[in-house]
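K.L.:
Have a look at this one before I ask anything.
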Amino acid sequence: MPCIDLLAADRIMILSEPVSRDALLDIVAGLLGAGPADTAAVAACLHERERLCSTGIGHGVAIPHARGGRVPLGAFVRLAHPVAFDACDGDPVDLVFAMRVPEDHAEPHLQILADLAGCFADVAFRERLRAAPDLDAVRTLLLGDLRRRRAA
């Protein structure tokens with residue numbers, strides 16, 4: 001399953017105010033959860049995953065992920081104020097693609113992670129997302145680039 005299939009425009013946001021890593025994970029859980037109880041469960045999974053090992057992959061990018069739910073979902077957040085994320089290169093994170101994948105989707109989960117890592121390894125892709133002037137531009141760039149990559 002390509003990462004574009006996880007994402008919808010209403011789960012893409014720009015976060016203008018400074019936040020901690022934990023607060024960011026809670027915000028992302030709100031984008032991925034279906035109601036208060038489900039959001040709390042997603043948040044708990046995301047926090048536990050980060051306790052095990054950081055999902056900061058370097059170059060200001062993190063890919064927090066959780067298991068659960070019935071269908072795979074993704075969310076993207078661009079931060080105006082990068083947050084410390086214990087990334088492998090030590091750089092703070094300002095681009096976050098979070099996902100939630102059902103328990104029985106182990107193989108698709110790994111494929112999606114590899115797909116995302118490939119997308120965010122592209123310097124030009126990251127820079128276009130960072131330079132986008134507003135939320136509409138971020139949504140257009142992100143969804144358009146991911147669709148093009150899927151078609152390629």
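Identifiers for the structure tokens are assigned positionally: chains receive A, B, ... in sequence, residues are indexed from 1 per chain, and ligands are indexed from 1 in the order shown.
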Once DSSP has gone over the backbone, tell me which residues of stretch 17-109 of chain A are in strand (DSSP E), as a list of chain:residue names.
P.N.:
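Listing strand (DSSP E) positions across stretch 17-109 of chain A yields A:Gly56, A:Ile57, A:Gly58, A:Val61, A:Ala62, A:His65, A:Ala66, A:Arg67, A:Leu73, A:Gly74, A:Ala75, A:Phe76, A:Val77, A:Arg78, A:Leu79, A:Ala80, A:His81, A:Pro82, A:Val83, A:Val93, A:Asp94, A:Leu95, A:Val96, A:Phe97, A:Ala98, A:Met99, A:Arg100, A:Val101.
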K.L.:
Compile the contact shell of stretch 10-20 of chain A as a list in words: residues with an atom at most 7 Å away, counting only C-alpha atoms, same-chain residues fewer than 4 positions apart removed.
P.N.:
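Using only C-alpha atoms, the neighbours found are Leu24, Leu31, Ala75, Phe76, Val77, Arg78, Leu79, Ala80, His81, Val83, Leu135 and Arg139 of chain A.
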K.L.:
Using C-alpha atoms, can you export the residues from the last selection as a compact mmCIF listing (two decimals), in the first residue's frame?
P.N.:
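again09.txt was written with the following content:
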# COMPACT_ATOMS: atom_id res chain seq x y z
CA LEU A 24 3.14 16.57 19.17
CA LEU A 31 -5.59 13.24 13.66
CA ALA A 75 -1.27 12.20 9.02
CA PHE A 76 1.30 14.87 8.22
CA VAL A 77 2.36 17.82 10.38
CA ARG A 78 4.83 20.55 9.45
CA LEU A 79 6.13 22.35 12.51
CA ALA A 80 7.07 26.03 12.49
CA HIS A 81 9.25 25.34 15.54
CA VAL A 83 11.14 19.80 18.21
CA LEU A 135 -1.51 24.89 4.44
CA ARG A 139 -1.44 19.84 1.01
K.L.:
Determine the nearest neighbour of A:Ala87 from the options A:Thr55, A:Thr39, A:Thr140, A:Gln111, counting only C-alpha atoms.
P.N.:
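Of A:Thr55, A:Thr39, A:Thr140, A:Gln111, the one nearest A:Ala87 is A:Thr55, counting only C-alpha atoms.
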K.L.:
Excluding A:Ala124 and any residue of its chain fewer than 4 positions from it, enumerate the residues within 12 Å of it, using only C-alpha atoms, and give them as a VMD selection string.
P.N.:
chain A and resid 59 119 to 120 128 to 131 141 145
K.L.:
Please list as a PDB file with all heavy atoms, in the first residue's frame every residue within 9 Å of A:Val71, counting only C-alpha atoms and excluding residues in the same chain fewer than 4 positions away.
P.N.:
ATOM      1  N   LEU A   6      -2.840   6.416   2.507  1.00  0.00           N
ATOM      2  CA  LEU A   6      -3.106   6.627   3.931  1.00  0.00           C
ATOM      3  C   LEU A   6      -3.585   8.035   4.246  1.00  0.00           C
ATOM      4  O   LEU A   6      -4.168   8.274   5.299  1.00  0.00           O
ATOM      5  CB  LEU A   6      -1.831   6.406   4.753  1.00  0.00           C
ATOM      6  CG  LEU A   6      -1.102   5.102   4.642  1.00  0.00           C
ATOM      7  CD1 LEU A   6       0.153   5.154   5.484  1.00  0.00           C
ATOM      8  CD2 LEU A   6      -1.979   3.962   5.063  1.00  0.00           C
ATOM      9  N   ARG A 100      -0.959   4.934  11.379  1.00  0.00           N
ATOM     10  CA  ARG A 100      -1.581   3.914  12.216  1.00  0.00           C
ATOM     11  C   ARG A 100      -1.950   2.766  11.288  1.00  0.00           C
ATOM     12  O   ARG A 100      -2.607   2.978  10.271  1.00  0.00           O
ATOM     13  CB  ARG A 100      -2.831   4.496  12.849  1.00  0.00           C
ATOM     14  CG  ARG A 100      -3.602   3.533  13.661  1.00  0.00           C
ATOM     15  CD  ARG A 100      -4.869   4.184  14.145  1.00  0.00           C
ATOM     16  NE  ARG A 100      -5.475   3.339  15.146  1.00  0.00           N
ATOM     17  CZ  ARG A 100      -6.614   3.619  15.723  1.00  0.00           C
ATOM     18  NH1 ARG A 100      -7.265   4.723  15.405  1.00  0.00           N
ATOM     19  NH2 ARG A 100      -7.117   2.811  16.617  1.00  0.00           N
ATOM     20  N   VAL A 101      -1.494   1.573  11.631  1.00  0.00           N
ATOM     21  CA  VAL A 101      -1.710   0.417  10.768  1.00  0.00           C
ATOM     22  C   VAL A 101      -2.310  -0.709  11.608  1.00  0.00           C
ATOM     23  O   VAL A 101      -1.849  -0.958  12.723  1.00  0.00           O
ATOM     24  CB  VAL A 101      -0.367  -0.039  10.132  1.00  0.00           C
ATOM     25  CG1 VAL A 101      -0.560  -1.234   9.243  1.00  0.00           C
ATOM     26  CG2 VAL A 101       0.260   1.110   9.355  1.00  0.00           C
ATOM     27  N   PRO A 102      -3.327  -1.401  11.095  1.00  0.00           N
ATOM     28  CA  PRO A 102      -3.920  -2.515  11.852  1.00  0.00           C
ATOM     29  C   PRO A 102      -2.886  -3.570  12.238  1.00  0.00           C
ATOM     30  O   PRO A 102      -1.873  -3.755  11.553  1.00  0.00           O
ATOM     31  CB  PRO A 102      -4.950  -3.103  10.875  1.00  0.00           C
ATOM     32  CG  PRO A 102      -5.304  -1.968   9.969  1.00  0.00           C
ATOM     33  CD  PRO A 102      -4.022  -1.178   9.816  1.00  0.00           C
TER      34      PRO A 102
END
K.L.:
Counting only C-alpha atoms, which of A:Ala62, A:Leu73, A:Leu110, A:Val42 gets nearest to A:Asp89?
P.N.:
A:Ala62
